[in-house]
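Asks: I'm passing along data-v2.txt; it holds compact mmCIF, C-alpha atoms.
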# COMPACT_ATOMS: atom_id res chain seq x y z
CA MET A 1 -25.31 4.01 -5.54
CA LYS A 2 -24.01 1.79 -2.74
CA ARG A 3 -20.48 1.81 -4.21
CA PHE A 4 -20.57 5.62 -4.45
CA PHE A 5 -21.65 5.92 -0.80
CA LEU A 6 -18.94 3.52 0.37
CA ARG A 7 -16.29 5.34 -1.66
CA PHE A 8 -17.39 8.66 -0.16
CA GLN A 9 -17.30 7.21 3.36
CA THR A 10 -13.82 5.79 2.82
CA ALA A 11 -12.56 9.00 1.21
CA ARG A 12 -13.69 11.08 4.16
CA VAL A 13 -11.63 9.00 6.59
CA LEU A 14 -8.59 8.74 4.32
CA LYS A 15 -8.53 12.48 3.74
CA ARG A 16 -8.36 13.13 7.49
CA LEU A 17 -5.68 10.46 7.88
CA ILE A 18 -3.43 11.57 5.02
CA ARG A 19 -3.72 15.27 4.16
CA GLY A 20 -0.53 17.16 5.00
CA GLU A 21 1.13 14.11 6.59
CA ARG A 22 4.35 12.22 5.90
CA ILE A 23 3.54 8.68 4.78
CA LEU A 24 5.74 5.57 4.76
CA ILE A 25 4.51 2.74 2.52
CA VAL A 26 6.16 -0.64 3.14
CA GLY A 27 5.73 -3.45 0.64
CA SER A 28 6.95 -7.03 0.82
CA GLY A 29 9.76 -6.69 -1.74
CA ARG A 30 13.42 -7.37 -1.02
CA SER A 31 14.35 -3.70 -0.58
CA ALA A 32 12.24 -3.48 2.61
CA SER A 33 15.09 -5.24 4.42
CA GLU A 34 17.15 -2.04 4.05
CA LEU A 35 14.84 -0.20 6.46
CA ALA A 36 16.16 -1.17 9.87
CA ASP A 37 14.07 1.06 12.12
CA ILE A 38 10.68 2.76 12.05
CA PRO A 39 11.18 6.50 11.47
CA PRO A 40 9.42 8.76 14.01
CA GLY A 41 6.65 11.17 13.11
CA ILE A 42 5.42 9.36 10.02
CA LYS A 43 2.23 7.46 9.16
CA LEU A 44 2.74 3.73 8.54
CA PHE A 45 0.94 2.06 5.62
CA THR A 46 1.29 -1.53 4.44
CA CYS A 47 -0.71 -4.29 2.78
CA ASN A 48 -1.00 -8.05 2.65
CA ALA A 49 2.20 -9.84 3.71
CA GLY A 50 4.00 -6.51 4.09
CA ILE A 51 2.80 -6.61 7.69
CA ARG A 52 5.53 -9.17 8.31
CA PHE A 53 8.07 -6.35 8.15
CA PHE A 54 6.73 -4.86 11.39
CA ASP A 55 6.93 -8.10 13.38
CA GLY A 56 9.61 -7.73 16.02
CA LYS A 57 10.16 -4.03 15.35
CA ALA A 58 10.21 -1.63 18.29
CA MET A 59 6.79 -0.02 17.88
CA ASP A 60 4.82 1.90 20.48
CA ARG A 61 1.79 2.37 18.22
CA PRO A 62 -0.30 0.46 15.69
CA LEU A 63 -0.10 0.78 11.93
CA ASP A 64 -2.03 3.69 10.51
CA LEU A 65 -3.42 1.79 7.50
CA PHE A 66 -3.49 -1.85 6.48
CA PHE A 67 -5.09 -3.18 3.28
CA CYS A 68 -5.89 -6.86 2.87
CA ASN A 69 -8.74 -8.88 1.42
CA LYS A 70 -10.49 -11.88 2.95
CA ALA A 71 -9.04 -14.39 0.46
CA LYS A 72 -5.48 -13.36 1.30
CA LEU A 73 -6.18 -13.69 5.03
CA GLN A 74 -7.62 -17.15 4.49
CA ARG A 75 -4.65 -18.32 2.41
CA GLU A 76 -1.98 -16.82 4.64
CA LYS A 77 -2.99 -17.31 8.26
CA GLU A 78 0.19 -15.65 9.48
CA ILE A 79 -1.15 -12.29 8.25
CA GLU A 80 -4.18 -12.62 10.51
CA LEU A 81 -2.04 -13.54 13.51
CA LEU A 82 0.28 -10.60 12.91
CA LEU A 83 -2.61 -8.16 12.52
CA VAL A 84 -3.98 -9.21 15.91
CA LYS A 85 -0.52 -8.66 17.39
CA ILE A 86 0.46 -5.40 15.63
CA ARG A 87 -2.99 -3.81 15.11
CA THR A 88 -3.96 -0.97 12.78
CA ARG A 89 -5.96 2.23 13.05
CA VAL A 90 -7.59 1.76 9.65
CA PHE A 91 -8.24 -1.59 7.95
CA VAL A 92 -9.20 -1.35 4.28
CA SER A 93 -10.69 -4.30 2.39
CA ARG A 94 -13.25 -5.08 -0.26
CA ASN A 95 -14.55 -7.87 1.99
CA THR A 96 -15.68 -5.80 4.94
CA ASP A 97 -18.56 -8.11 5.81
CA GLY A 98 -16.24 -11.12 6.00
CA ILE A 99 -13.67 -9.18 8.03
CA ARG A 100 -16.33 -7.93 10.43
CA GLU A 101 -17.59 -11.49 10.97
CA ASN A 102 -14.11 -12.76 11.80
CA THR A 103 -14.16 -12.78 15.59
CA ALA A 104 -10.40 -13.41 15.74
CA LEU A 105 -9.80 -9.93 14.31
CA ARG A 106 -11.94 -8.02 16.79
CA GLY A 107 -9.85 -5.41 18.54
CA SER A 108 -7.14 -5.46 15.86
CA TYR A 109 -8.47 -2.38 14.03
CA GLU A 110 -10.26 0.87 14.93
CA ARG A 111 -11.96 1.59 11.60
CA LEU A 112 -12.94 -0.85 8.85
CA LEU A 113 -13.36 0.71 5.41
CA TYR A 114 -14.47 -0.62 2.06
CA ASP A 115 -12.39 -0.17 -1.08
CA ASP A 116 -12.25 -2.31 -4.18
CA SER A 117 -8.64 -2.15 -5.37
CA THR A 118 -9.78 -2.95 -8.91
CA ASP A 119 -11.85 0.25 -9.04
CA PRO A 120 -9.92 2.74 -11.27
CA TRP A 121 -11.26 5.83 -9.48
CA TYR A 122 -7.97 7.02 -7.94
CA LEU A 123 -5.71 5.71 -10.70
CA THR A 124 -7.51 7.44 -13.56
CA ARG A 125 -7.50 10.78 -11.76
CA LEU A 126 -3.79 10.62 -10.99
CA ILE A 127 -2.61 9.65 -14.48
CA ARG A 128 -4.73 12.04 -16.55
CA PRO A 129 -4.61 12.85 -19.44
CA GLN A 130 -3.44 9.26 -19.98
CA GLY A 131 -5.87 6.43 -19.45
CA VAL A 132 -5.49 3.01 -17.84
CA GLN A 133 -5.22 1.35 -21.24
CA ASP A 134 -2.21 3.57 -21.99
CA ILE A 135 -0.21 2.22 -19.04
CA GLN A 136 -1.54 -1.34 -18.87
CA GLY A 137 1.14 -2.90 -21.07
CA ARG A 138 1.46 -6.67 -20.62
CA CYS A 139 -0.69 -6.69 -17.49
CA GLU A 140 -3.98 -8.50 -17.98
CA ALA A 141 -5.47 -6.63 -15.04
CA THR A 142 -6.58 -3.02 -15.37
CA TRP A 143 -5.47 -2.18 -11.85
CA THR A 144 -2.16 -1.83 -10.05
CA SER A 145 -0.78 -3.88 -7.20
CA THR A 146 -2.14 -3.20 -3.72
CA GLY A 147 1.03 -1.39 -2.70
CA MET A 148 0.58 1.02 -5.58
CA ARG A 149 -3.01 1.46 -4.46
CA LEU A 150 -1.69 2.78 -1.15
CA LEU A 151 0.48 5.25 -3.06
CA GLN A 152 -2.64 6.37 -4.93
CA TYR A 153 -4.33 7.08 -1.60
CA ALA A 154 -1.34 9.11 -0.41
CA LEU A 155 -1.19 11.24 -3.56
CA TYR A 156 -4.91 11.70 -4.09
CA PHE A 157 -5.54 12.79 -0.52
CA GLY A 158 -2.63 15.21 -0.35
CA ALA A 159 0.22 13.71 1.65
CA ARG A 160 3.07 16.15 2.27
CA GLU A 161 5.79 13.55 1.61
CA VAL A 162 5.60 9.88 0.64
CA TYR A 163 8.41 7.39 1.26
CA VAL A 164 8.25 3.98 -0.38
CA VAL A 165 10.21 0.79 0.23
CA GLY A 166 9.67 -2.88 -0.60
CA MET A 167 7.71 -2.14 -3.78
CA ASP A 168 10.11 -3.63 -6.30
CA PHE A 169 7.88 -4.59 -9.25
CA GLY A 170 8.10 -8.24 -8.19
CA GLU A 171 11.87 -8.39 -8.72
CA ASN A 172 14.35 -10.20 -6.46
CA GLY A 173 11.80 -11.93 -4.24
CA TYR A 174 10.42 -10.97 -0.85
CA PHE A 175 12.38 -9.48 2.02
CA TRP A 176 12.15 -12.87 3.77
CA GLY A 177 12.98 -15.10 0.80
CA PRO A 178 12.36 -16.02 -2.87
CA LYS A 179 9.14 -15.25 -4.71
CA PRO A 180 7.70 -18.49 -6.17
CA ASN A 181 5.01 -16.96 -8.39
CA PRO A 182 5.35 -14.50 -11.30
CA TRP A 183 4.53 -10.85 -10.67
CA GLY A 184 0.87 -10.18 -11.44
CA HIS A 185 1.24 -6.54 -12.47
CA PRO A 186 3.94 -6.27 -15.14
CA ASP A 187 4.23 -2.86 -16.80
CA ILE A 188 1.22 -1.18 -15.18
CA ASP A 189 2.97 -0.56 -11.85
CA GLU A 190 6.15 0.76 -13.43
CA ASN A 191 4.27 2.90 -15.94
CA PHE A 192 2.26 4.38 -13.08
CA ILE A 193 5.48 5.22 -11.24
CA ARG A 194 6.86 6.90 -14.36
CA ILE A 195 3.87 9.22 -14.38
CA VAL A 196 4.17 9.83 -10.64
CA SER A 197 7.85 10.77 -11.00
CA ALA A 198 7.00 13.30 -13.70
CA LYS A 199 4.03 14.89 -11.91
CA TYR A 200 4.99 14.77 -8.22
CA ARG A 201 8.13 15.91 -6.41
CA ASN A 202 7.21 14.61 -2.98
CA VAL A 203 7.53 10.84 -3.55
CA PHE A 204 10.80 9.13 -2.63
CA SER A 205 12.35 5.67 -2.76
CA ILE A 206 14.07 4.81 0.50
CA SER A 207 16.27 2.21 -1.21
CA SER A 208 18.88 2.98 -3.84
CA LYS A 209 18.83 -0.71 -4.83
CA SER A 210 15.10 -0.91 -5.51
CA PRO A 211 13.90 -0.68 -9.13
CA LEU A 212 11.84 2.28 -7.89
CA SER A 213 15.07 4.28 -7.63
CA HIS A 214 15.30 4.27 -11.44
CA HIS A 215 12.31 6.62 -11.41
CA LEU A 216 12.13 8.25 -7.98
CA PRO A 217 14.71 10.27 -6.03
CA VAL A 218 16.30 8.36 -3.16
CA LYS A 219 15.73 9.84 0.27
CA ARG A 220 15.27 8.49 3.77
CA PRO A 221 12.81 10.12 6.16
CA ALA A 222 14.60 12.16 8.82
Rewrite the structure from the file as structure tokens, please.
Replies:
Amino acid sequence: MKRFFLRFQTARVLKRLIRGERILIVGSGRSASELADIPPGIKLFTCNAGIRFFDGKAMDRPLDLFFCNKAKLQREKEIELLLVKIRTRVFVSRNTDGIRENTALRGSYERLLYDDSTDPWYLTRLIRPQGVQDIQGRCEATWTSTGMRLLQYALYFGAREVYVVGMDFGENGYFWGPKPNPWGHPDIDENFIRIVSAKYRNVFSISSKSPLSHHLPVKRPA
């Protein structure tokens, strides 16, 4: 019952944030380096170390949505420092109690929302009639990467257009350097994108060099 209430509460805010809007989702993959400037008139979504992309960019506003869990913040202190500097309107995490207790983060977000990125609620509804087991492939997890979770938000809550960059299926490292660890979501992310490309005509890859461009049309936000 508590999970249902929290999901409803989160959904209400996300619907207001997303419906009818243009959304830019920035991941931490190498292709993010191709986006030199922040396009005007578009909502800015990122997660985890993707916030590093916005450091030093000319921004007159906070992020619109940032997703990160407590463990990631504890392991990568730079993320916390950047969040305090850049700020976000909506902070999504499955560790809301821990985030709320972190006094260093006070003032860095306007709304704190709960979402468990392992919950298949959005994924299953977007890929029907296929099921998670049909797209899981080699991935031991039954959920997508966090960046793909943001895409699920955008699609489920009715974004007008969605532009994606830096979500490269773990290929070619990060936009700031090599990736030392293997990608944790083989197959499931790419299989999800295949379904998205077949069902939706409003999702675009900003980069022609990203593996996403094998499935999505390439277009930059005007």
Asks: Let me make sure I understand: among A:Asp168, A:Asp115, A:Glu80, A:Asp134, which one has the smallest atom-to-atom distance to A:Phe4 if we use all atoms listed in the file?
Replies: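 Closest candidate: A:Asp115.
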Asks: For A:Arg138, which residue among A:Thr96, A:Asn191, A:Asn172, A:Gln152 is the nearest when counting only C-alpha atoms?
Replies: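 Ranking A:Thr96, A:Asn191, A:Asn172, A:Gln152 by distance to A:Arg138, first place goes to A:Asn191.
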Asks: For A:Phe204, find every residue with an atom within 6 Å (counting all atoms listed in the file), except residues of its own chain fewer than 6 positions away, and show them as a PDB file with C-alpha atoms, keeping the file's coordinate frame.
Replies:
ATOM      1  CA  TYR A 163       8.410   7.390   1.260  1.00  0.00           C
ATOM      2  CA  LEU A 216      12.130   8.250  -7.980  1.00  0.00           C
ATOM      3  CA  PRO A 217      14.710  10.270  -6.030  1.00  0.00           C
ATOM      4  CA  VAL A 218      16.300   8.360  -3.160  1.00  0.00           C
ATOM      5  CA  LYS A 219      15.730   9.840   0.270  1.00  0.00           C
TER       6      LYS A 219
END
Asks: Using all atoms listed in the file, which protein or nucleic acid residues come within 9 Å of A:Leu150? Drop anything in the same chain fewer than 5 positions from it, and give the result as a PyMOL selection string.
Replies: chain A and resi 25+45-47+65+67+155
Asks: Do you know which residues are at most 12 Å from A:Arg30 counting all atoms listed in the file, after dropping those on the same chain fewer than 3 positions away, and could you put them as a PyMOL selection string?
Replies: chain A and resi 26-27+33-35+50+53+165-179+207+209-212
Asks: Between atom CA of A:Tyr109 and atom CA of A:Phe54, what is the distance in Å, rounded to a tenth?
Replies: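 That distance, rounded to one decimal, is 15.6 Å.
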Asks: Show me, as a PyMOL selection string, the residues that have an atom within 7 Å of A:Leu63 when counting all atoms listed in the file, minus same-chain residues fewer than 6 positions from it.
Replies: chain A and resi 44-45+87-89
Asks: Suppose we keep C-alpha atoms; can you now write the selection as an mmCIF file, keeping the file's coordinate frame?
Replies:
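part.cif was written with the following content:
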data_model
loop_
_atom_site.group_PDB
_atom_site.id
_atom_site.type_symbol
_atom_site.label_atom_id
_atom_site.label_comp_id
_atom_site.auth_asym_id
_atom_site.auth_seq_id
_atom_site.Cartn_x
_atom_site.Cartn_y
_atom_site.Cartn_z
ATOM 1 C CA LEU A 44 2.740 3.730 8.540
ATOM 2 C CA PHE A 45 0.940 2.060 5.620
ATOM 3 C CA ARG A 87 -2.990 -3.810 15.110
ATOM 4 C CA THR A 88 -3.960 -0.970 12.780
ATOM 5 C CA ARG A 89 -5.960 2.230 13.050
#
Asks: A:Arg194: which residues within 12 Å, counting only C-alpha atoms, same-chain residues fewer than 3 positions away excluded, as a PyMOL selection string?
Replies: chain A and resi 126-127+130+135+187-191+197-200+203+211-217
